[in-house]
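*Asks:* You'll find work-v4.txt just under this line, and it carries compact mmCIF, C-alpha atoms.
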# COMPACT_ATOMS: atom_id res chain seq x y z
CA MET G 1 65.37 -53.53 100.97
CA LYS G 2 66.33 -51.89 97.64
CA ARG G 3 67.42 -48.77 99.49
CA LEU G 4 69.67 -50.76 101.81
CA SER G 5 71.19 -52.75 98.94
CA SER G 6 72.22 -49.54 97.17
CA ILE G 7 74.31 -48.37 100.15
CA ASN G 8 78.08 -48.68 99.97
CA PRO G 9 79.02 -52.23 101.19
CA ASP G 10 81.48 -50.74 103.70
CA TYR G 11 78.70 -48.65 105.23
CA ARG G 12 76.41 -51.68 105.38
CA ALA G 13 79.09 -53.64 107.24
CA ALA G 14 79.64 -50.75 109.64
CA LEU G 15 75.89 -50.49 110.27
CA VAL G 16 75.65 -54.19 111.09
CA LEU G 17 78.64 -53.99 113.46
CA ILE G 18 77.25 -50.97 115.31
CA ILE G 19 73.86 -52.66 115.70
CA MET G 20 75.57 -55.78 117.03
CA ALA G 21 77.55 -53.62 119.48
CA GLY G 22 74.32 -52.09 120.77
CA ILE G 23 72.68 -55.51 121.14
CA LEU G 24 75.66 -56.97 123.04
CA ILE G 25 76.06 -54.02 125.40
CA CYS G 26 72.30 -53.78 126.05
CA THR G 27 72.17 -57.50 126.81
CA ALA G 28 74.99 -57.13 129.38
CA VAL G 29 73.31 -54.10 131.00
CA LEU G 30 69.79 -55.56 131.10
CA THR G 31 70.84 -58.93 132.52
CA ASN G 32 72.98 -57.15 135.16
CA ARG G 33 74.73 -60.36 136.09
CA GLY G 34 78.05 -58.67 136.90
CA ASP G 35 80.05 -61.79 136.03
CA PHE G 36 82.64 -62.79 133.44
CA THR G 37 79.97 -63.37 130.75
CA SER G 38 78.68 -59.80 131.07
CA ALA G 39 82.23 -58.47 130.81
CA ALA G 40 82.82 -60.55 127.67
CA LEU G 41 79.63 -59.16 126.11
CA VAL G 42 80.69 -55.58 126.85
CA ILE G 43 84.19 -56.15 125.43
CA ALA G 44 82.76 -57.82 122.30
CA GLY G 45 80.33 -54.92 121.87
CA LEU G 46 83.11 -52.35 122.16
CA ILE G 47 85.20 -54.25 119.59
CA CYS G 48 82.25 -54.30 117.16
CA LEU G 49 81.73 -50.58 117.73
CA LEU G 50 85.39 -49.73 117.10
CA VAL G 51 85.58 -51.88 113.95
CA GLY G 52 82.37 -50.28 112.70
CA ILE G 53 83.86 -46.82 113.22
CA PHE G 54 86.96 -47.87 111.28
CA PHE G 55 84.79 -49.12 108.39
CA VAL G 56 82.99 -45.78 108.21
CA THR G 57 86.21 -43.75 108.49
CA LEU G 58 88.28 -45.67 105.96
CA SER G 59 85.57 -46.47 103.41
CA THR G 60 85.47 -44.73 100.05
CA SER G 61 82.57 -42.66 98.77
CA ASP G 62 79.43 -44.36 97.52
CA PRO G 63 79.96 -46.00 94.12
CA MET G 64 77.81 -44.91 91.21
CA ASP G 65 74.65 -46.96 90.83
CA LEU G 66 75.33 -49.42 88.00
CA ARG G 67 71.70 -49.23 86.92
CA TYR G 68 72.33 -45.65 85.86
CA LEU G 69 75.86 -46.19 84.61
CA SER G 70 74.85 -49.03 82.28
CA LEU G 71 72.29 -46.82 80.53
CA LEU G 72 74.71 -44.01 79.60
CA PRO G 73 75.75 -45.34 76.14
CA VAL G 74 72.41 -46.93 75.24
CA GLN G 75 70.55 -44.15 73.44
CA GLY G 76 73.55 -43.12 71.38
CA SER G 77 73.93 -46.68 70.13
CA ILE G 78 70.21 -46.96 69.39
CA ASN G 79 70.23 -43.67 67.48
CA LEU G 80 73.00 -44.85 65.17
CA VAL G 81 71.21 -48.16 64.60
CA ARG G 82 68.04 -46.28 63.63
CA ILE G 83 70.01 -44.19 61.15
CA CYS G 84 71.54 -47.33 59.70
CA ALA G 85 68.10 -48.92 59.35
CA ASP G 86 66.85 -45.83 57.49
CA LEU G 87 69.85 -46.07 55.15
CA GLY G 88 69.18 -49.75 54.48
CA ILE G 89 72.23 -50.98 56.40
CA GLN G 90 71.47 -54.49 57.65
CA GLY G 91 74.88 -56.14 58.12
CA ASN G 92 76.63 -56.95 61.38
CA ALA G 93 79.41 -54.74 62.72
CA CYS G 94 82.87 -55.53 61.34
CA PHE G 95 86.07 -54.30 62.98
CA ILE G 96 88.92 -53.51 60.60
CA ALA G 97 92.32 -53.54 62.30
CA LYS G 98 94.62 -50.57 61.97
CA GLY G 99 97.30 -51.10 59.38
CA ARG G 100 94.89 -52.54 56.84
CA SER G 101 94.57 -50.29 53.78
CA GLY G 102 96.98 -47.89 55.48
CA ARG G 103 94.64 -47.05 58.37
CA THR G 104 96.13 -45.60 61.54
CA THR G 105 93.22 -46.62 63.80
CA THR G 106 90.87 -49.55 64.02
CA MET G 107 87.52 -48.76 62.41
CA GLN G 108 84.04 -50.23 62.71
CA TYR G 109 82.34 -50.92 59.39
CA LEU G 110 78.57 -51.30 59.16
CA PRO G 111 77.88 -52.95 55.79
CA VAL G 112 74.65 -52.79 53.87
CA ALA G 113 74.61 -56.56 53.59
CA VAL G 114 77.48 -59.04 53.65
CA TYR G 115 81.06 -57.87 53.95
CA ARG G 116 83.87 -60.12 52.70
CA GLY G 117 86.84 -58.01 53.76
CA GLU G 118 87.23 -55.88 50.63
CA PRO G 119 89.54 -52.84 50.88
CA LEU G 120 87.57 -49.76 51.89
CA PRO G 121 88.09 -46.08 51.10
CA ALA G 122 88.72 -43.51 53.82
CA GLU G 123 85.31 -41.86 53.53
CA SER G 124 82.63 -42.41 56.16
CA PHE G 125 80.02 -43.35 53.55
CA VAL G 126 81.31 -46.28 51.54
CA THR G 127 79.76 -46.56 48.08
CA ALA G 128 82.22 -48.87 46.33
CA THR G 129 81.05 -51.22 43.60
CA ASP G 130 81.72 -54.35 45.67
CA THR G 131 80.36 -53.14 48.99
CA ALA G 132 78.56 -50.22 50.62
CA GLY G 133 78.03 -49.13 54.18
CA LEU G 134 79.04 -46.78 56.97
CA LEU G 135 82.56 -46.48 58.36
CA VAL G 136 82.90 -45.09 61.90
CA GLU G 137 85.18 -45.32 64.90
CA PRO G 138 84.11 -48.03 67.38
CA ALA G 139 82.36 -47.04 70.61
CA CYS G 140 85.40 -48.18 72.57
CA ALA G 141 87.81 -45.74 70.85
CA PRO G 142 88.15 -43.26 73.79
CA LEU G 143 88.47 -46.15 76.27
CA LEU G 144 91.09 -47.94 74.20
CA SER G 145 93.02 -44.67 73.74
CA LEU G 146 93.08 -44.15 77.51
CA LEU G 147 94.22 -47.72 78.15
CA THR G 148 96.96 -47.38 75.55
CA THR G 149 98.32 -43.98 76.54
CA LYS G 150 97.85 -43.97 80.31
CA GLU G 151 97.98 -47.68 81.18
CA HIS G 152 100.48 -48.63 78.45
CA LEU G 153 98.25 -51.38 77.12
CA ALA G 154 100.10 -53.71 74.74
CA ILE G 155 97.97 -55.92 72.50
CA PRO G 156 99.57 -59.33 71.87
CA SER G 157 99.34 -61.22 68.60
CA ASP G 158 99.00 -64.67 70.17
CA MET G 159 95.38 -65.81 70.48
CA THR G 160 95.91 -67.39 73.91
CA ALA G 161 97.39 -64.15 75.20
CA LEU G 162 94.48 -62.20 73.69
CA HIS G 163 92.01 -64.33 75.63
CA GLY G 164 93.98 -63.63 78.80
CA LEU G 165 93.98 -59.90 78.05
CA VAL G 166 90.20 -59.88 77.56
CA ARG G 167 89.69 -61.59 80.90
CA GLU G 168 92.12 -59.26 82.67
CA LEU G 169 90.54 -56.10 81.29
CA GLY G 170 86.98 -57.24 81.92
CA VAL G 171 87.51 -58.60 85.45
CA GLU G 172 90.37 -56.60 86.97
CA VAL G 173 90.46 -53.28 85.09
CA LEU G 174 86.89 -52.49 84.03
CA GLU G 175 85.35 -54.81 86.65
CA VAL G 176 82.28 -55.42 84.49
CA SER G 177 82.12 -59.09 85.45
CA PRO G 178 83.53 -61.27 88.24
CA ARG G 179 84.20 -64.08 85.76
CA ILE G 180 84.85 -64.02 82.02
CA ARG G 181 85.34 -67.04 79.80
CA SER G 182 86.99 -66.47 76.45
CA ALA G 183 87.86 -69.14 73.91
CA ASN G 184 88.00 -69.74 70.19
CA GLU G 185 87.19 -72.69 67.96
CA ARG G 186 88.58 -72.34 64.45
CA GLU G 187 87.32 -68.98 63.16
CA LEU G 188 84.77 -68.36 65.93
CA ILE G 189 85.62 -66.50 69.15
CA THR G 190 83.28 -66.66 72.13
CA VAL G 191 83.39 -64.34 75.14
CA ILE G 192 81.04 -65.10 78.04
CA MET G 193 80.66 -62.61 80.89
CA ASP G 194 78.98 -64.06 83.97
CA GLU G 195 76.96 -61.76 86.26
CA TYR G 196 77.57 -58.84 83.90
CA ARG G 197 77.27 -55.67 85.96
CA LEU G 198 76.04 -53.48 83.09
CA ILE G 199 73.28 -55.91 82.13
CA ASP G 200 70.57 -53.22 82.35
CA GLY G 201 72.09 -51.47 79.35
CA CYS G 202 72.05 -54.73 77.36
CA ARG G 203 68.40 -55.29 78.19
CA ALA G 204 67.48 -51.74 77.19
CA MET G 205 69.10 -52.20 73.79
CA THR G 206 67.49 -55.62 73.34
CA ARG G 207 64.06 -54.18 74.11
CA GLU G 208 64.59 -51.72 71.27
CA SER G 209 65.79 -54.48 68.93
CA PRO G 210 68.09 -57.50 69.27
CA LYS G 211 69.84 -56.16 66.18
CA CYS G 212 71.17 -53.14 68.11
CA CYS G 213 74.00 -55.03 69.79
CA MET G 214 75.07 -56.67 66.52
CA THR G 215 74.93 -53.50 64.42
CA ASN G 216 76.50 -51.09 66.89
CA PRO G 217 77.80 -52.87 70.02
CA CYS G 218 78.45 -51.13 73.33
CA PRO G 219 81.95 -49.96 74.37
CA VAL G 220 82.70 -53.21 76.21
CA CYS G 221 81.90 -55.64 73.38
CA SER G 222 83.45 -53.34 70.78
CA LEU G 223 86.61 -53.21 72.94
CA TYR G 224 86.87 -57.00 72.82
CA ALA G 225 86.32 -57.02 69.06
CA THR G 226 88.94 -54.31 68.57
CA LEU G 227 91.48 -56.22 70.66
CA PHE G 228 90.97 -59.34 68.58
CA ALA G 229 91.15 -57.32 65.36
CA GLU G 230 94.38 -55.55 66.28
CA GLY G 231 95.92 -58.68 67.77
CA THR G 232 95.24 -60.90 64.77
CA GLY G 233 95.43 -58.20 62.11
CA ARG G 234 92.24 -59.62 60.61
CA VAL G 235 88.69 -58.35 60.16
CA ILE G 236 86.52 -59.34 63.13
CA GLN G 237 82.75 -59.53 62.69
CA LEU G 238 80.26 -59.61 65.54
CA GLU G 239 78.00 -62.60 64.90
CA ARG G 240 75.84 -62.62 68.01
CA CYS G 241 75.46 -60.79 71.31
CA SER G 242 72.79 -61.96 73.75
CA ALA G 243 71.95 -61.45 77.42
CA ASP G 244 70.49 -64.20 79.58
CA ALA G 245 67.57 -62.82 81.57
CA LYS G 246 67.95 -65.25 84.48
CA THR G 247 71.68 -65.39 85.11
CA ASP G 248 72.77 -61.90 83.94
CA THR G 249 75.19 -63.61 81.56
CA VAL G 250 76.20 -61.92 78.31
CA THR G 251 77.52 -64.01 75.43
CA ALA G 252 79.31 -62.37 72.50
CA VAL G 253 80.35 -64.42 69.48
CA PHE G 254 82.82 -63.03 66.94
CA SER G 255 84.07 -64.48 63.68
CA VAL G 256 87.44 -63.98 62.00
CA LEU G 257 86.76 -63.20 58.36
CA PRO G 258 89.03 -64.91 55.81
CA GLU G 259 91.53 -62.81 53.94
CA TYR G 260 89.87 -61.13 50.99
CA SER G 261 90.68 -62.38 47.53
CA ASP G 262 89.29 -60.82 44.35
CA GLU G 263 90.02 -63.95 42.37
CA PRO G 264 86.93 -65.89 41.31
CA ALA G 265 86.38 -69.21 43.00
CA ARG G 266 87.61 -72.18 40.99
CA PRO G 267 85.03 -74.76 39.99
CA GLU G 268 85.49 -78.07 41.70
Transcribe the structure of this file into structure tokens.
*Replies:*
Amino acid sequence: MKRLSSINPDYRAALVLIIMAGILICTAVLTNRGDFTSAALVIAGLICLLVGIFFVTLSTSDPMDLRYLSLLPVQGSINLVRICADLGIQGNACFIAKGRSGRTTTMQYLPVAVYRGEPLPAESFVTATDTAGLLVEPACAPLLSLLTTKEHLAIPSDMTALHGLVRELGVEVLEVSPRIRSANERELITVIMDEYRLIDGCRAMTRESPKCCMTNPCPVCSLYATLFAEGTGRVIQLERCSADAKTDTVTAVFSVLPEYSDEPARPE
């Protein structure tokens, strides 16, 4: 059964049609009635056979098995999380939009603890007095570069349009999910991907540690965070990323950090 399910859907349809053609023609021959019903069975069998041949001829090559594809970025993400743990970095991933502090690209900041949006230096290892951590490019950087240069991706600034862009990229372009729900409530943004096709990669990272997805998210979740960061011009922090074991649903929750202010809070 597993072997059959991994076959290209077009080939499966062609196989079913050819089997049906054989059954119909064999039924007409074995009954040997020689009437209109037998002729109808033969004609129906020939039609099934011809359609099956067309399916085989016009179908594309076998798609890559998603079980393998989903595992490609997993170990690289886990390795970086292990390095961060050894360095004492415990904070969630924060995405700093390009343009902030003169940056030309969106960066992913992995803070030691809590990050409040302070300006960061250009170095990879941040050791400022107010904050410390690791500054790297997000996992989605090559993907976003391809979408921008080849597909002319334009990132809107309106939040409603950003939600629409996330759904379009996830469902129609990347095809990682047949249905994506994206919404925001105040400073929280929630993206829910139903029947996520790369769920095996999520489960592999979760088995290592649930912290993996929050410290160094995969290219898909980091792409969503980067879109929200560049669209709003704010710092986006990944609060939670979880995979439902029963429904293959992945839920990612992001927060929009308030604008940083170095002024001390006023007593009430």
*Asks:* From the list G:Val166, G:Leu58, G:Val250, G:Val42, which residue is nearest Tyr224 (chain G) when using all atoms listed in the file?
*Replies:*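 Of G:Val166, G:Leu58, G:Val250, G:Val42, the one nearest Tyr224 (chain G) is G:Val166, counting all atoms listed in the file.
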*Asks:* Within 12 Å of (84.1, -71.2, 64.1) (file coordinates; only C-alpha atoms), which protein or nucleic acid residues are there? I'd like them as a PyMOL selection string.
*Replies:* chain G and resi 183-190+237+239+253-258
*Asks:* Residues around (73.5, -45.7, 78.0), cut-off 10 Å, counting all atoms listed in the file - what are they as an NGL selection string?
*Replies:* :G and (67-78 or 198 or 200-202 or 204-205 or 218)
*Asks:* Restricting the calculation to only C-alpha atoms, which member of G:Thr251, G:Ile155, G:Thr226, G:Val112 is positioned closest to Ile180 (chain G)?
*Replies:* G:Thr251
*Asks:* How many Å lie between CA of Val173 (chain G) and CA of Ile192 (chain G), rounded to one decimal?
*Replies:*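 Computed distance, CA of Val173 (chain G) to CA of Ile192 (chain G), equals 16.7 Å.
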*Asks:* Hey, can you check how far CA of Asp248 (chain G) sits from CA of Met214 (chain G)?
*Replies:*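 Computing the Euclidean distance for CA of Asp248 (chain G) and CA of Met214 (chain G) yields 18.3 Å.
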*Asks:* One decimal, in Å: what's the spacing between CA of Glu151 (chain G) and CA of Ser101 (chain G)?
*Replies:* 27.7 Å
*Asks:* For region 79-83 of chain G, list every protein, DNA or RNA residue within 8 Å, evaluated using all atoms listed in the file, and leave out those in the same chain fewer than 4 positions away; present the list as a VMD selection string.
*Replies:* chain G and resid 75 87 212 215 to 216
*Asks:* Excluding same-chain residues fewer than 5 positions from Cys94 (chain G), what lies within 6 Å of it counting only C-alpha atoms, as a VMD selection string?
*Replies:* chain G and resid 108 to 109 236 to 237
*Asks:* Tell me which of G:Ala225, G:Ile53, G:Ala85, G:Leu135 sits closest to Val191 (chain G), counting all atoms listed in the file.
*Replies:*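 Of G:Ala225, G:Ile53, G:Ala85, G:Leu135, the one nearest Val191 (chain G) is G:Ala225, counting all atoms listed in the file.
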*Asks:* Could you check which of G:Ala39, G:Gly170, G:Arg234, G:Val220 is closest to Glu118 (chain G), using only C-alpha atoms?
*Replies:*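 Among the listed residues, G:Arg234 lies closest to Glu118 (chain G).
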*Asks:* Please identify all polymer residues within 6 Å of region 17-31 of chain G, counting all atoms listed in the file, omitting same-chain residues fewer than 4 positions from it, and present them as a ChimeraX atom specification.
*Replies:* /G:38,41-42,45,48-49,52
*Asks:* Export C-alpha atoms of the chosen residues as a PDB file, in the coordinates of the input?
*Replies:*
ATOM      1  CA  SER G  38      78.680 -59.800 131.070  1.00  0.00           C
ATOM      2  CA  LEU G  41      79.630 -59.160 126.110  1.00  0.00           C
ATOM      3  CA  VAL G  42      80.690 -55.580 126.850  1.00  0.00           C
ATOM      4  CA  GLY G  45      80.330 -54.920 121.870  1.00  0.00           C
ATOM      5  CA  CYS G  48      82.250 -54.300 117.160  1.00  0.00           C
ATOM      6  CA  LEU G  49      81.730 -50.580 117.730  1.00  0.00           C
ATOM      7  CA  GLY G  52      82.370 -50.280 112.700  1.00  0.00           C
TER       8      GLY G  52
END
*Asks:* Within 12 Å of Asp130 (chain G), counting all atoms listed in the file, which residues show up once you throw out same-chain ones fewer than 3 positions away? Write them as an mmCIF file with C-alpha atoms, keeping the file's coordinate frame, please.
*Replies:*
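Okay, this is what ended up in result00.cif:
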data_model
loop_
_atom_site.group_PDB
_atom_site.id
_atom_site.type_symbol
_atom_site.label_atom_id
_atom_site.label_comp_id
_atom_site.auth_asym_id
_atom_site.auth_seq_id
_atom_site.Cartn_x
_atom_site.Cartn_y
_atom_site.Cartn_z
ATOM 1 C CA PRO G 111 77.880 -52.950 55.790
ATOM 2 C CA VAL G 112 74.650 -52.790 53.870
ATOM 3 C CA ALA G 113 74.610 -56.560 53.590
ATOM 4 C CA VAL G 114 77.480 -59.040 53.650
ATOM 5 C CA TYR G 115 81.060 -57.870 53.950
ATOM 6 C CA ARG G 116 83.870 -60.120 52.700
ATOM 7 C CA GLY G 117 86.840 -58.010 53.760
ATOM 8 C CA GLU G 118 87.230 -55.880 50.630
ATOM 9 C CA PRO G 119 89.540 -52.840 50.880
ATOM 10 C CA LEU G 120 87.570 -49.760 51.890
ATOM 11 C CA PRO G 121 88.090 -46.080 51.100
ATOM 12 C CA VAL G 126 81.310 -46.280 51.540
ATOM 13 C CA THR G 127 79.760 -46.560 48.080
ATOM 14 C CA GLY G 133 78.030 -49.130 54.180
ATOM 15 C CA TYR G 260 89.870 -61.130 50.990
ATOM 16 C CA ASP G 262 89.290 -60.820 44.350
#
